[in-house]
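S.K.: I'm passing along target25.cif; it holds mmCIF, C-alpha atoms (C1' of nucleotides).
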```cif
data_structure
loop_
_atom_site.label_atom_id
_atom_site.label_comp_id
_atom_site.auth_asym_id
_atom_site.auth_seq_id
_atom_site.Cartn_x
_atom_site.Cartn_y
_atom_site.Cartn_z
CA MET P 1 173.51 -26.28 81.55
CA SER P 2 172.10 -23.62 79.28
CA GLU P 3 174.87 -21.06 79.58
CA THR P 4 177.32 -20.89 76.73
CA PHE P 5 180.91 -21.97 76.77
CA GLY P 6 181.95 -18.36 76.59
CA GLU P 7 179.94 -17.40 79.64
CA ARG P 8 181.52 -20.18 81.66
CA VAL P 9 184.98 -19.07 80.54
CA TYR P 10 184.32 -15.50 81.63
CA TRP P 11 183.11 -16.73 84.99
CA LEU P 12 186.27 -18.80 85.40
CA VAL P 13 188.52 -15.89 84.49
CA ALA P 14 186.81 -13.90 87.20
CA GLN P 15 187.84 -16.59 89.69
CA ILE P 16 191.57 -16.34 88.95
CA PRO P 17 193.16 -14.76 92.04
CA PHE P 18 195.29 -11.62 91.94
CA GLY P 19 198.87 -12.50 91.07
CA GLN P 20 198.05 -15.83 89.45
CA VAL P 21 197.62 -16.97 85.85
CA ALA P 22 195.73 -19.66 83.94
CA SER P 23 196.34 -21.11 80.49
CA TYR P 24 193.84 -21.14 77.61
CA GLY P 25 193.81 -24.93 77.65
CA GLN P 26 193.24 -25.06 81.38
CA LEU P 27 190.22 -22.76 81.14
CA ALA P 28 188.82 -24.72 78.20
CA LEU P 29 189.11 -27.89 80.27
CA LEU P 30 187.48 -26.36 83.33
CA ALA P 31 184.73 -24.90 81.15
CA GLY P 32 183.91 -28.40 79.98
CA SER P 33 185.43 -28.42 76.48
CA PRO P 34 188.94 -29.83 76.55
CA GLY P 35 190.69 -28.84 73.37
CA ALA P 36 188.86 -25.56 72.92
CA SER P 37 191.91 -23.53 73.87
CA ARG P 38 191.87 -21.55 70.63
CA ALA P 39 188.25 -20.66 71.21
CA VAL P 40 189.21 -19.29 74.63
CA GLY P 41 191.84 -17.14 72.97
CA ASN P 42 189.29 -15.82 70.54
CA LEU P 43 186.95 -14.94 73.39
CA MET P 44 189.63 -12.87 75.09
CA ARG P 45 190.48 -11.16 71.83
CA ASN P 46 186.92 -10.37 70.84
CA SER P 47 185.90 -9.02 74.22
CA LEU P 48 188.63 -6.67 75.32
CA GLY P 49 186.01 -4.17 76.36
CA ARG P 50 184.74 -6.44 79.11
CA ALA P 51 185.59 -5.85 82.73
CA VAL P 52 187.49 -9.09 83.19
CA ALA P 53 191.07 -9.90 84.14
CA TRP P 54 191.90 -11.05 80.61
CA HIS P 55 195.58 -10.36 81.33
CA ARG P 56 195.72 -13.38 83.67
CA VAL P 57 195.19 -15.72 80.74
CA ILE P 58 198.38 -16.90 79.05
CA ASN P 59 199.61 -19.82 76.98
CA SER P 60 200.70 -23.26 78.17
CA ARG P 61 204.37 -22.28 78.17
CA GLY P 62 203.79 -19.38 80.52
CA GLY P 63 204.14 -16.78 77.78
CA ILE P 64 201.98 -14.02 76.35
CA SER P 65 200.31 -14.93 73.07
CA SER P 66 199.13 -11.65 71.61
CA LYS P 67 201.46 -11.58 68.65
CA GLY P 68 200.29 -9.01 66.16
CA ASP P 69 199.28 -6.60 68.89
CA PHE P 70 202.48 -5.64 70.65
CA GLU P 71 200.91 -2.80 72.58
CA ARG P 72 198.34 -5.12 74.09
CA ALA P 73 201.01 -7.70 74.81
CA GLU P 74 203.15 -5.19 76.59
CA LEU P 75 200.18 -3.97 78.61
CA GLN P 76 199.38 -7.54 79.61
CA ARG P 77 202.91 -8.18 80.78
CA MET P 78 202.98 -4.88 82.64
CA LEU P 79 199.74 -5.67 84.43
CA LEU P 80 201.02 -9.09 85.46
CA GLU P 81 204.33 -7.75 86.67
CA GLY P 82 202.33 -5.22 88.65
CA GLU P 83 200.71 -8.20 90.39
CA GLY P 84 204.07 -9.73 91.21
CA VAL P 85 204.31 -12.20 88.34
CA GLU P 86 207.92 -12.51 87.21
CA PHE P 87 209.03 -13.16 83.64
CA ASN P 88 212.39 -14.59 82.64
CA ARG P 89 214.52 -13.13 79.90
CA ARG P 90 212.61 -15.06 77.26
CA GLY P 91 209.28 -13.64 78.32
CA LEU P 92 208.05 -16.70 80.17
CA CYS P 93 206.77 -16.98 83.71
CA SER P 94 206.72 -20.08 85.89
CA LEU P 95 203.36 -21.82 85.85
CA GLU P 96 204.68 -23.80 88.79
CA ARG P 97 204.90 -20.61 90.84
CA PHE P 98 202.11 -18.46 89.41
CA GLY P 99 199.72 -20.96 87.87
CA TRP P 100 196.19 -21.06 89.27
CA ASN P 101 195.22 -24.27 91.08
CA PRO P 102 191.46 -23.95 91.46
CA GLU P 103 189.55 -25.67 94.24
CA ALA P 104 187.42 -28.49 92.93
CA PHE P 105 184.00 -27.19 91.95
CA SER P 106 180.95 -28.22 90.01
CA TRP P 107 178.75 -26.35 87.57
CA GLU P 108 175.72 -27.46 89.57
CA SER P 109 176.26 -25.87 92.97
"C1'" DG F 110 173.60 -22.73 58.55
"C1'" DG F 111 178.12 -23.17 56.12
"C1'" DT F 112 182.90 -20.95 56.35
"C1'" DC F 113 186.46 -18.62 58.18
"C1'" DT F 114 189.41 -17.31 62.02
"C1'" DG F 115 192.85 -17.67 65.45
"C1'" DA F 116 195.47 -14.23 72.45
"C1'" DC F 117 196.07 -22.61 71.41
"C1'" DT F 118 198.62 -27.15 71.94
"C1'" DA F 119 201.17 -31.34 71.77
"C1'" DG F 120 204.40 -33.52 69.23
"C1'" DG F 121 208.07 -33.78 65.97
"C1'" DT F 122 212.43 -31.56 63.64
"C1'" DA U 123 215.53 -23.46 72.22
"C1'" DA U 124 213.36 -22.01 67.86
"C1'" DC U 125 210.44 -23.45 64.27
"C1'" DC U 126 206.82 -26.30 61.76
"C1'" DT U 127 202.63 -29.14 61.44
"C1'" DA U 128 198.41 -31.00 62.01
"C1'" DG U 129 194.37 -31.30 64.95
"C1'" DC U 130 191.12 -28.58 67.63
"C1'" DC U 131 186.58 -25.84 68.60
"C1'" DA U 132 183.40 -21.94 69.86
"C1'" DG U 133 182.31 -17.62 68.04
"C1'" DA U 134 182.14 -14.19 64.38
"C1'" DC U 135 180.47 -13.23 59.75
#
```
Would you put the structure from the file into C-alpha cells?
M.R.:
Amino acid sequence: MSETFGERVYWLVAQIPFGQVASYGQLALLAGSPGASRAVGNLMRNSLGRAVAWHRVINSRGGISSKGDFERAELQRMLLEGEGVEFNRRGLCSLERFGWNPEAFSWES
DNA sequence: GGTCTGACTAGGT
DNA sequence: AACCTAGCCAGAC
C-alpha cells in the first residue's frame, strides 16, 4: 500500500458512525501500526482544519485527551454529547456502550 | 535525514 | 482513583 499511515487514519475516522467513538490505539491498530497511538493523536492535533469527525477519537479510558486546550476539549465533549454520548462525573464515557466495533475489512478491497 | 514532539498506553505505585 | 514511568511511532521542523 502506498498511502501513508495518516491517510489511512483519516479514512478510518470517516468510518466511525454518528454517536460512536474510537480510541487512538484502536485506530493505530486498524491502520496497521499497533503502538502508534501517539502518532494518531498528533494527526488529530495537527489537522484540526480538516473536515473529519476528529471529536469521535478519544483515549483508551473513554476520556478526552486535549489537555492544554480546554476550549477544544470542551467543544469535543459538547459535540459528543450532542450525538448522545454520555459522560460520567469524571469525564469518562463507556467504551462498552459507545465504542466503535468496525466490521472486518481489508486494505485491499 | 537526524531530532523533537506529543489529543497515547499499559503497567506499577 | 490519581499519579508516575518507560516504551512507542509517524509527522513536523
S.K.: Can you turn the PyMOL selection byres ((chain P and resi 35) around 7) into a concrete residue list for this file, as number ranges by chain?
M.R.: P: 25, 28, 33-34, 36-37; U: 130-131
S.K.: Kindly export the residues of the current selection with C-alpha atoms (C1' of nucleotides), as a compact mmCIF listing (two decimals), in the frame of the given file.
M.R.:
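Output below, filename part-v8.txt:
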```
# COMPACT_ATOMS: atom_id res chain seq x y z
CA GLY P 25 193.81 -24.93 77.65
CA ALA P 28 188.82 -24.72 78.20
CA SER P 33 185.43 -28.42 76.48
CA PRO P 34 188.94 -29.83 76.55
CA ALA P 36 188.86 -25.56 72.92
CA SER P 37 191.91 -23.53 73.87
C1' DC U 130 191.12 -28.58 67.63
C1' DC U 131 186.58 -25.84 68.60
```
S.K.: Give one line per residue of chain F that approaches chain P to at most 8 Å, naming the two atoms of the closest pair and their distance in Å to one decimal, counting all atoms listed in the file; sort by chain then ascending residue number and deliver it as a Markdown table.
M.R.:
```
| residue | atom | partner | partner_atom | distance |
| --- | --- | --- | --- | --- |
| F:DG115 | C1' | P:Asn42 | CA | 6.5 |
| F:DA116 | C1' | P:Ser66 | CA | 4.6 |
| F:DC117 | C1' | P:Arg38 | CA | 4.4 |
| F:DT118 | C1' | P:Ser60 | CA | 7.6 |
```
S.K.: List as a list in words the protein and nucleic acid residues near DT122 in chain F, meaning an atom at most 12 Å away when only C-alpha atoms (C1' of nucleotides) are counted, but skip any in the same chain fewer than 4 places from it.
M.R.: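 Neighbouring residues, sequence-local ones excluded: DA124, DC125, DC126 and DT127 of chain U.
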S.K.: So how far away is CA of Pro17 in chain P from CA of Glu103 in chain P, in Å?
M.R.: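 Taking CA of Glu103 in chain P and CA of Pro17 in chain P, their separation equals 11.7 Å.
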S.K.: Compare P:Glu96, P:Glu86, P:Glu74, P:Glu7 by their minimum atom-to-atom distance to chain U, counting only C-alpha atoms (C1' of nucleotides), and give me the closest one.
M.R.: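 Counting only C-alpha atoms (C1' of nucleotides), the residue closest to chain U is P:Glu7.
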S.K.: Quick one: pull the distance between CA of Gly63 in chain P and CA of Ile16 in chain P, Å, one decimal.
M.R.: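 Going from CA of Gly63 in chain P over to CA of Ile16 in chain P covers 16.8 Å.
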S.K.: In terms of the shortest atom-to-atom distance over only C-alpha atoms (C1' of nucleotides), which of P:Phe5, P:Phe87, P:Phe18, P:Trp100 is closest to DG133 in chain U?
M.R.: P:Phe5
S.K.: Quick check, in Å to one decimal: how far apart do CA of Val13 in chain P and CA of Ser47 in chain P lie?
M.R.: 12.6 Å
S.K.: Report, as JSON, the axis-aligned box around all atoms of chain U present in the file, extended by 6 Å on each side; give centre and edge lengths in Å to one decimal place.
M.R.:
```
{"center_x": 198.0, "center_y": -22.3, "center_z": 66.0, "size_x": 47.1, "size_y": 30.1, "size_z": 24.5}
```
